[in-house]
file final-v1.csv (CSV, C-alpha atoms)
chain,number,residue,atom,x,y,z
A,1,MET,CA,-2.6,-26.8,-3.9
A,2,MET,CA,0.8,-27.9,-5.2
A,3,LEU,CA,-0.3,-26.8,-8.7
A,4,VAL,CA,-1.0,-23.3,-7.3
A,5,PHE,CA,2.4,-23.1,-5.6
A,6,GLY,CA,4.0,-24.3,-8.8
A,7,VAL,CA,2.3,-21.7,-10.9
A,8,VAL,CA,3.2,-19.0,-8.4
A,9,ALA,CA,6.9,-20.1,-8.4
A,10,VAL,CA,7.1,-20.1,-12.2
A,11,ILE,CA,5.5,-16.7,-12.4
A,12,LEU,CA,7.9,-15.2,-9.8
A,13,LEU,CA,10.9,-16.7,-11.6
A,14,VAL,CA,9.8,-15.4,-15.0
A,15,THR,CA,9.0,-12.0,-13.4
A,16,ALA,CA,12.5,-11.8,-12.0
A,17,LEU,CA,14.1,-12.8,-15.3
A,18,ALA,CA,12.0,-10.4,-17.4
A,19,SER,CA,12.2,-7.4,-15.1
A,20,GLY,CA,14.8,-5.7,-17.2
A,21,ILE,CA,12.7,-6.2,-20.3
A,22,VAL,CA,9.4,-5.0,-18.7
A,23,GLU,CA,11.1,-1.8,-17.5
A,24,ARG,CA,11.7,-0.8,-21.1
A,25,PHE,CA,8.0,-1.1,-22.1
A,26,PRO,CA,4.9,0.8,-21.0
A,27,LEU,CA,3.8,-2.2,-18.8
A,28,SER,CA,3.8,-2.8,-15.1
A,29,PHE,CA,3.9,-6.0,-13.1
A,30,PRO,CA,0.5,-5.4,-11.5
A,31,LEU,CA,-1.1,-5.3,-14.9
A,32,MET,CA,0.8,-8.3,-16.0
A,33,PHE,CA,-0.3,-10.3,-12.9
A,34,LEU,CA,-3.9,-9.2,-13.4
A,35,GLY,CA,-3.7,-10.5,-17.0
A,36,LEU,CA,-2.2,-13.8,-15.8
A,37,LYS,CA,-5.0,-14.1,-13.3
A,38,LEU,CA,-7.6,-13.7,-16.0
A,39,VAL,CA,-5.8,-16.3,-18.2
A,40,LEU,CA,-5.2,-18.8,-15.4
A,41,GLY,CA,-8.5,-18.3,-13.5
A,42,LYS,CA,-12.0,-19.5,-14.1
A,43,GLN,CA,-12.4,-17.2,-17.1
A,44,GLY,CA,-9.4,-18.8,-18.8
A,45,PHE,CA,-7.7,-22.2,-18.3
A,46,GLY,CA,-9.0,-22.8,-14.8
A,47,ALA,CA,-5.6,-23.6,-13.4
A,48,ASN,CA,-5.9,-21.1,-10.6
A,49,GLU,CA,-8.9,-21.5,-8.3
A,50,LEU,CA,-7.9,-19.0,-5.7
A,51,GLY,CA,-10.6,-16.7,-4.5
A,52,PRO,CA,-10.2,-13.1,-3.3
A,53,HIS,CA,-10.6,-14.3,0.4
A,54,ASP,CA,-8.4,-17.3,0.1
A,55,GLN,CA,-6.0,-17.5,3.1
A,56,ILE,CA,-3.0,-18.3,0.9
A,57,LEU,CA,-3.6,-15.2,-1.1
A,58,GLU,CA,-4.0,-13.1,2.0
A,59,VAL,CA,-0.7,-14.4,3.5
A,60,THR,CA,1.1,-14.0,0.2
A,61,ALA,CA,-0.2,-10.4,-0.3
A,62,THR,CA,0.8,-9.5,3.3
A,63,LEU,CA,4.3,-11.0,2.9
A,64,THR,CA,4.9,-9.2,-0.4
A,65,LEU,CA,3.4,-5.9,0.5
A,66,ALA,CA,5.3,-5.4,3.7
A,67,PRO,CA,8.8,-5.3,2.0
A,68,VAL,CA,7.4,-2.9,-0.6
A,69,LEU,CA,6.2,-0.5,2.0
A,70,PHE,CA,9.4,-0.9,4.0
A,71,LEU,CA,11.6,-0.2,1.0
A,72,ASP,CA,9.5,2.9,0.1
A,73,ALA,CA,9.9,4.2,3.6
A,74,ALA,CA,13.6,3.5,3.6
A,75,GLN,CA,14.0,5.5,0.3
A,76,LEU,CA,12.3,8.6,1.6
A,77,GLN,CA,14.5,11.6,1.7
A,78,ILE,CA,13.7,13.0,5.1
A,79,LYS,CA,15.8,16.2,4.6
A,80,GLU,CA,14.1,16.8,1.3
A,81,LEU,CA,10.7,16.2,2.9
A,82,GLY,CA,11.5,18.8,5.5
A,83,ARG,CA,12.0,21.5,2.9
A,84,ARG,CA,8.9,20.5,0.9
A,85,TRP,CA,6.4,19.6,3.7
A,86,LEU,CA,3.5,21.7,2.5
A,87,VAL,CA,2.3,19.7,-0.5
A,88,PRO,CA,2.5,16.3,1.3
A,89,SER,CA,0.7,17.7,4.3
A,90,LEU,CA,-2.1,19.0,2.1
A,91,ILE,CA,-2.4,15.7,0.2
A,92,LEU,CA,-2.4,13.6,3.4
A,93,GLY,CA,-4.8,16.0,5.2
A,94,SER,CA,-7.4,18.0,3.3
A,95,GLY,CA,-6.6,16.3,0.0
A,96,THR,CA,-7.4,12.9,1.3
A,97,ALA,CA,-10.6,14.1,3.0
A,98,LEU,CA,-11.6,15.7,-0.3
A,99,VAL,CA,-11.0,12.6,-2.3
A,100,ILE,CA,-12.9,10.5,0.1
A,101,SER,CA,-15.9,12.9,-0.1
A,102,LEU,CA,-15.7,13.0,-3.9
A,103,GLY,CA,-15.8,9.2,-4.0
A,104,ALA,CA,-18.6,8.8,-1.4
A,105,VAL,CA,-21.1,11.4,-2.5
A,106,PRO,CA,-21.7,10.0,-6.0
A,107,LEU,CA,-22.0,6.5,-4.6
A,108,ALA,CA,-24.6,7.7,-2.2
A,109,LEU,CA,-26.6,9.9,-4.5
A,110,LEU,CA,-26.3,8.1,-7.8
A,111,ILE,CA,-25.9,4.4,-6.9
A,112,GLY,CA,-28.0,4.5,-3.7
A,113,PHE,CA,-25.4,3.4,-1.2
A,114,GLY,CA,-26.0,4.2,2.4
A,115,TRP,CA,-23.9,7.1,3.6
A,116,VAL,CA,-21.7,5.0,5.9
A,117,ILE,CA,-21.1,2.4,3.2
A,118,ALA,CA,-20.5,5.2,0.7
A,119,PHE,CA,-17.8,6.8,2.8
A,120,ILE,CA,-16.2,3.4,3.5
A,121,SER,CA,-16.0,2.9,-0.3
A,122,GLY,CA,-14.7,6.4,-0.8
A,123,ALA,CA,-12.0,5.9,1.8
A,124,ILE,CA,-11.0,2.6,0.2
A,125,LEU,CA,-10.8,4.2,-3.2
A,126,ALA,CA,-8.9,7.2,-1.9
A,127,SER,CA,-5.9,5.1,-0.8
A,128,THR,CA,-3.3,5.0,-3.5
A,129,ASP,CA,-1.8,1.6,-4.1
A,130,PRO,CA,2.0,1.8,-3.6
A,131,VAL,CA,2.6,-1.3,-5.7
A,132,VAL,CA,0.9,0.2,-8.7
A,133,LEU,CA,2.9,3.4,-8.3
A,134,ARG,CA,6.3,1.7,-8.1
A,135,GLU,CA,6.7,1.8,-11.9
A,136,ILE,CA,5.9,5.5,-12.0
A,137,LEU,CA,8.3,6.2,-9.2
A,138,ARG,CA,11.1,4.6,-11.1
A,139,ASP,CA,10.5,6.7,-14.2
A,140,HIS,CA,13.2,9.4,-14.1
A,141,ARG,CA,11.4,11.3,-16.8
A,142,ILE,CA,9.0,12.5,-14.0
A,143,PRO,CA,10.5,15.3,-11.9
A,144,ARG,CA,12.0,14.1,-8.7
A,145,SER,CA,9.9,16.5,-6.6
A,146,VAL,CA,6.7,14.9,-8.1
A,147,ARG,CA,7.9,11.4,-7.5
A,148,GLN,CA,8.8,12.3,-3.9
A,149,VAL,CA,5.3,13.6,-3.2
A,150,LEU,CA,3.7,10.5,-4.8
A,151,ARG,CA,6.0,8.2,-2.8
A,152,ILE,CA,5.0,9.9,0.4
A,153,GLU,CA,1.3,9.9,-0.4
A,154,ALA,CA,1.3,6.3,-1.5
A,155,GLY,CA,3.3,5.1,1.6
A,156,MET,CA,1.5,7.2,4.2
A,157,ASN,CA,-2.1,7.8,3.1
A,158,ASP,CA,-3.2,4.7,5.0
A,159,ILE,CA,-2.4,6.7,8.2
A,160,VAL,CA,-5.4,8.8,7.3
A,161,ALA,CA,-7.6,6.5,5.3
A,162,LEU,CA,-7.3,3.3,7.4
A,163,PRO,CA,-8.6,4.8,10.7
A,164,VAL,CA,-11.5,6.3,8.8
A,165,ILE,CA,-12.3,2.9,7.3
A,166,LEU,CA,-12.1,1.0,10.5
A,167,VAL,CA,-14.2,3.5,12.4
A,168,LEU,CA,-16.9,3.5,9.7
A,169,ILE,CA,-16.9,-0.3,9.6
A,170,ALA,CA,-17.4,-0.4,13.3
A,171,VAL,CA,-20.3,2.0,12.9
A,172,ALA,CA,-21.8,0.0,10.1
A,173,THR,CA,-21.5,-3.4,11.8
A,174,GLY,CA,-22.3,-2.2,15.3
A,175,ASP,CA,-19.4,-4.2,16.7
A,176,VAL,CA,-18.5,-1.4,19.0
A,177,GLY,CA,-21.2,-0.2,21.4
A,178,GLY,CA,-21.1,2.0,24.4
A,179,GLY,CA,-18.7,4.8,25.4
A,180,GLY,CA,-16.3,2.5,27.1
A,181,GLN,CA,-15.9,0.2,24.1
A,182,TRP,CA,-15.4,3.2,21.8
A,183,VAL,CA,-12.7,4.6,24.0
A,184,SER,CA,-10.9,1.3,24.1
A,185,PHE,CA,-11.3,0.9,20.3
A,186,LEU,CA,-10.0,4.4,19.6
A,187,LEU,CA,-7.1,4.0,22.0
A,188,LYS,CA,-6.0,0.8,20.3
A,189,LEU,CA,-6.5,2.3,16.9
A,190,LEU,CA,-4.9,5.7,17.4
A,191,VAL,CA,-2.5,5.3,20.2
A,192,LEU,CA,-1.5,1.6,20.8
A,193,GLY,CA,-1.2,0.7,17.1
A,194,PRO,CA,1.0,3.7,16.1
A,195,ALA,CA,3.1,3.2,19.3
A,196,ILE,CA,3.8,-0.4,18.4
A,197,GLY,CA,4.6,0.6,14.8
A,198,PHE,CA,7.1,3.3,15.9
A,199,ALA,CA,8.7,0.9,18.3
A,200,ILE,CA,9.2,-1.8,15.7
A,201,GLY,CA,10.5,0.9,13.2
A,202,GLY,CA,12.9,2.2,15.8
A,203,VAL,CA,14.3,-1.2,16.6
A,204,GLY,CA,14.6,-1.9,12.9
A,205,ALA,CA,16.4,1.4,12.3
A,206,TRP,CA,18.8,0.7,15.2
A,207,PHE,CA,19.5,-2.8,14.0
A,208,MET,CA,20.2,-1.5,10.4
A,209,ARG,CA,22.6,1.1,11.8
A,210,GLN,CA,24.4,-1.5,13.8
A,211,LEU,CA,24.9,-3.7,10.8
A,212,ARG,CA,26.0,-0.7,8.7
A,213,ASN,CA,28.6,0.4,11.3
A,214,ARG,CA,29.8,-3.2,11.7
A,215,TRP,CA,30.4,-3.8,8.0
A,216,ARG,CA,32.1,-0.5,7.2
call {"tool": "encode", "arguments": {"input": "final-v1.csv", "output": "structure tokens"}}
result
Amino acid sequence: MMLVFGVVAVILLVTALASGIVERFPLSFPLMFLGLKLVLGKQGFGANELGPHDQILEVTATLTLAPVLFLDAAQLQIKELGRRWLVPSLILGSGTALVISLGAVPLALLIGFGWVIAFISGAILASTDPVVLREILRDHRIPRSVRQVLRIEAGMNDIVALPVILVLIAVATGDVGGGGQWVSFLLKLLVLGPAIGFAIGGVGAWFMRQLRNRWR
């Protein structure tokens, strides 16, 4: 366990020191981390025995992904979004549904997945990874309008894809049965969850404004 933490600490330190160099080359940190996993994992030196469902990995991923999503949301230009709302709306609405379907139909017809499992897989694949896109969003050679749309899609597509995934998982596993349980499940998913998210975001925004006003 200590070896794992030591390896992670060294990797993070080297990553921070080499960030300026990496930005000058056609590389991204997710690809570098993937390569390090192959080198240090069972296929390589065997120094890292973490599995995909290891609790340490899940906690680390959650703690690192949350700041990334927060920073992406903080960098959104709301006024600019208001003027260019059509493309993000299409991407998050019909565009996401189309991508889910395009991913699900081949899985069902060509590979033989059940339709529910196929649509779960399609919804998972339809969700753009904001971490992978970070290097693209920092590339100023790409027009600002394109980067803005990609940032919105990467940061907000889970609003569409995640409920679809959770509902389909509930259907596939049969964990939710009966009208009352479905009503409770959907209320928690579509009402209570977003309400808590908006409340936390509102408190965070208020706190940041207070800090900014205090230190002016």
call {"tool": "residues_near_point", "arguments": {"input": "final-v1.csv", "point": "(9.7, 11.9, -9.1)", "cutoff": "12 Å", "atoms": "only C-alpha atoms", "output": "NGL selection string"}}
result
:A and (76-77 or 133-152)
call {"tool": "atom_distance", "arguments": {"input": "final-v1.csv", "atom1": "CA of Leu168 (chain A)", "atom2": "CA of Trp115 (chain A)"}}
result
10.0 Å
call {"tool": "atom_distance", "arguments": {"input": "final-v1.csv", "atom1": "CA of Trp85 (chain A)", "atom2": "CA of Arg212 (chain A)"}}
result
28.7 Å
call {"tool": "atom_distance", "arguments": {"input": "final-v1.csv", "atom1": "CA of Pro194 (chain A)", "atom2": "CA of Ala97 (chain A)"}}
result
20.4 Å
